[in-house]
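Beneath this line is the structure, given in structure tokens, with notes to follow.
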Amino acid sequence: MSRKYIGVFDSGLGGLTTVRSLIEKLPQENVVFLGDTKNVPYGSKNREEILSLACNNIAFLRQYDLKAIVIACNTVDSNVGDKLRRESDIRLLGVLDPAAKKAAEITVNGRIGVLATEMTVRSETYKNRIHIYNSKAEVFQAACPLLVPMIESGDFINKKEATKKALLDYLKPLIAEDIDTLVLGCTHYDVLIDMCKKEYPDLKIVSSSRLVIDDLLEYLKDDLNDQKEVKRLYYVSSDPDKFIDQARLIIPNINVIKTGESD
Ligand code: DGL
């Protein structure tokens, strides 16, 4: 039984969709979250920058006594996840592998679409991982550079039609390839899942935000928290006021602290 924290990080809002799943499945766990809003979006940065930002995020979280860290960012996981894991003395769970595995398992026609950031697409990690689980699958990827800024800024609520148009424009070429399964390969895109489902009700949709929590539960099964009072800390690296309204749509009672300021 351990009261240590579970650390979670992302470039911003997307990570909260993973925290929401964590709270649903492991409500008794202490959580410390970091959204690196100062540096969002990660998806257009180069690999060295992504590695350096991820290392900073991990160092920040490790100020807390942690039992595991969830990399709630496909861009980090796809580009530098394996390197980080090799060099870490604490368990780092990633969002990409469970999403790739699920998609590989549920496709019926073997045609899988992946929406993700530019750097996730460029890494080809989704393709490679899906092929490990289903060597016959065909994978069609689309990079969606407009979506993370639209989600971070709250446009997905305030400018819903524009966001929907951008999403459907990215999706269209994948639909034309007759995909039966779609991976939302960026944790930010989880907030668009209902839009996707409404537009394409027959598509099997896998959100990369959620499945990692099953891996976490399996990893922690003998090390769960038994306390009644749960601590949840949410940090961002800039502009908590800009973040909070969107954050409350994902986790209604959230309070956000800026890194460097005491809670
Ligand atoms: N939410 C992240 C991901 O899953 C990062 C998005 C970004 O900052 O570009 O890829």
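Naming scheme: A, B, ... for chains in displayed order of the structure tokens; residues 1 onward per chain; ligands 1 onward as shown.
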Residues up to 9 Å from ligand 1, counting only C-alpha atoms and all ligand atoms: could you list those as a ChimeraX atom specification?
/A:10-15,36-37,39-45,71-78,95-96,116-120,145,147-149,184-189,208-209
List as an NGL selection string the protein and nucleic acid residues near A:Ile257, meaning an atom at most 10 Å away when only C-alpha atoms are counted, but skip any in the same chain fewer than 2 places from it.
:A and (34 or 233-241 or 244 or 255 or 259-263)
Step one, run DSSP on the backbone; step two, keep only residues of stretch 63-130 of chain A assigned to strand (DSSP E); then write them as a PyMOL selection string.
chain A and resi 66-71+92-94+111-116
Could you pull the residues within 12 Å of A:Ile175, counting only C-alpha atoms, minus those fewer than 6 positions along the same chain, as a list of chain:residue names?
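Contacts, in chain order: A:Arg111, A:Ile112, A:Gly113, A:Val114, A:Leu115, A:Val139, A:Phe140, A:Gln141, A:Ala142, A:Leu168, A:Asp169, A:Thr181, A:Leu182, A:Cys196, A:Glu199, A:Tyr200, A:Asp202, A:Leu203.
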With only C-alpha atoms as the basis for distance, which of A:Pro98, A:Pro27, A:Gly81, A:Pro252 is at the shortest distance from A:Asp215?
A:Pro98
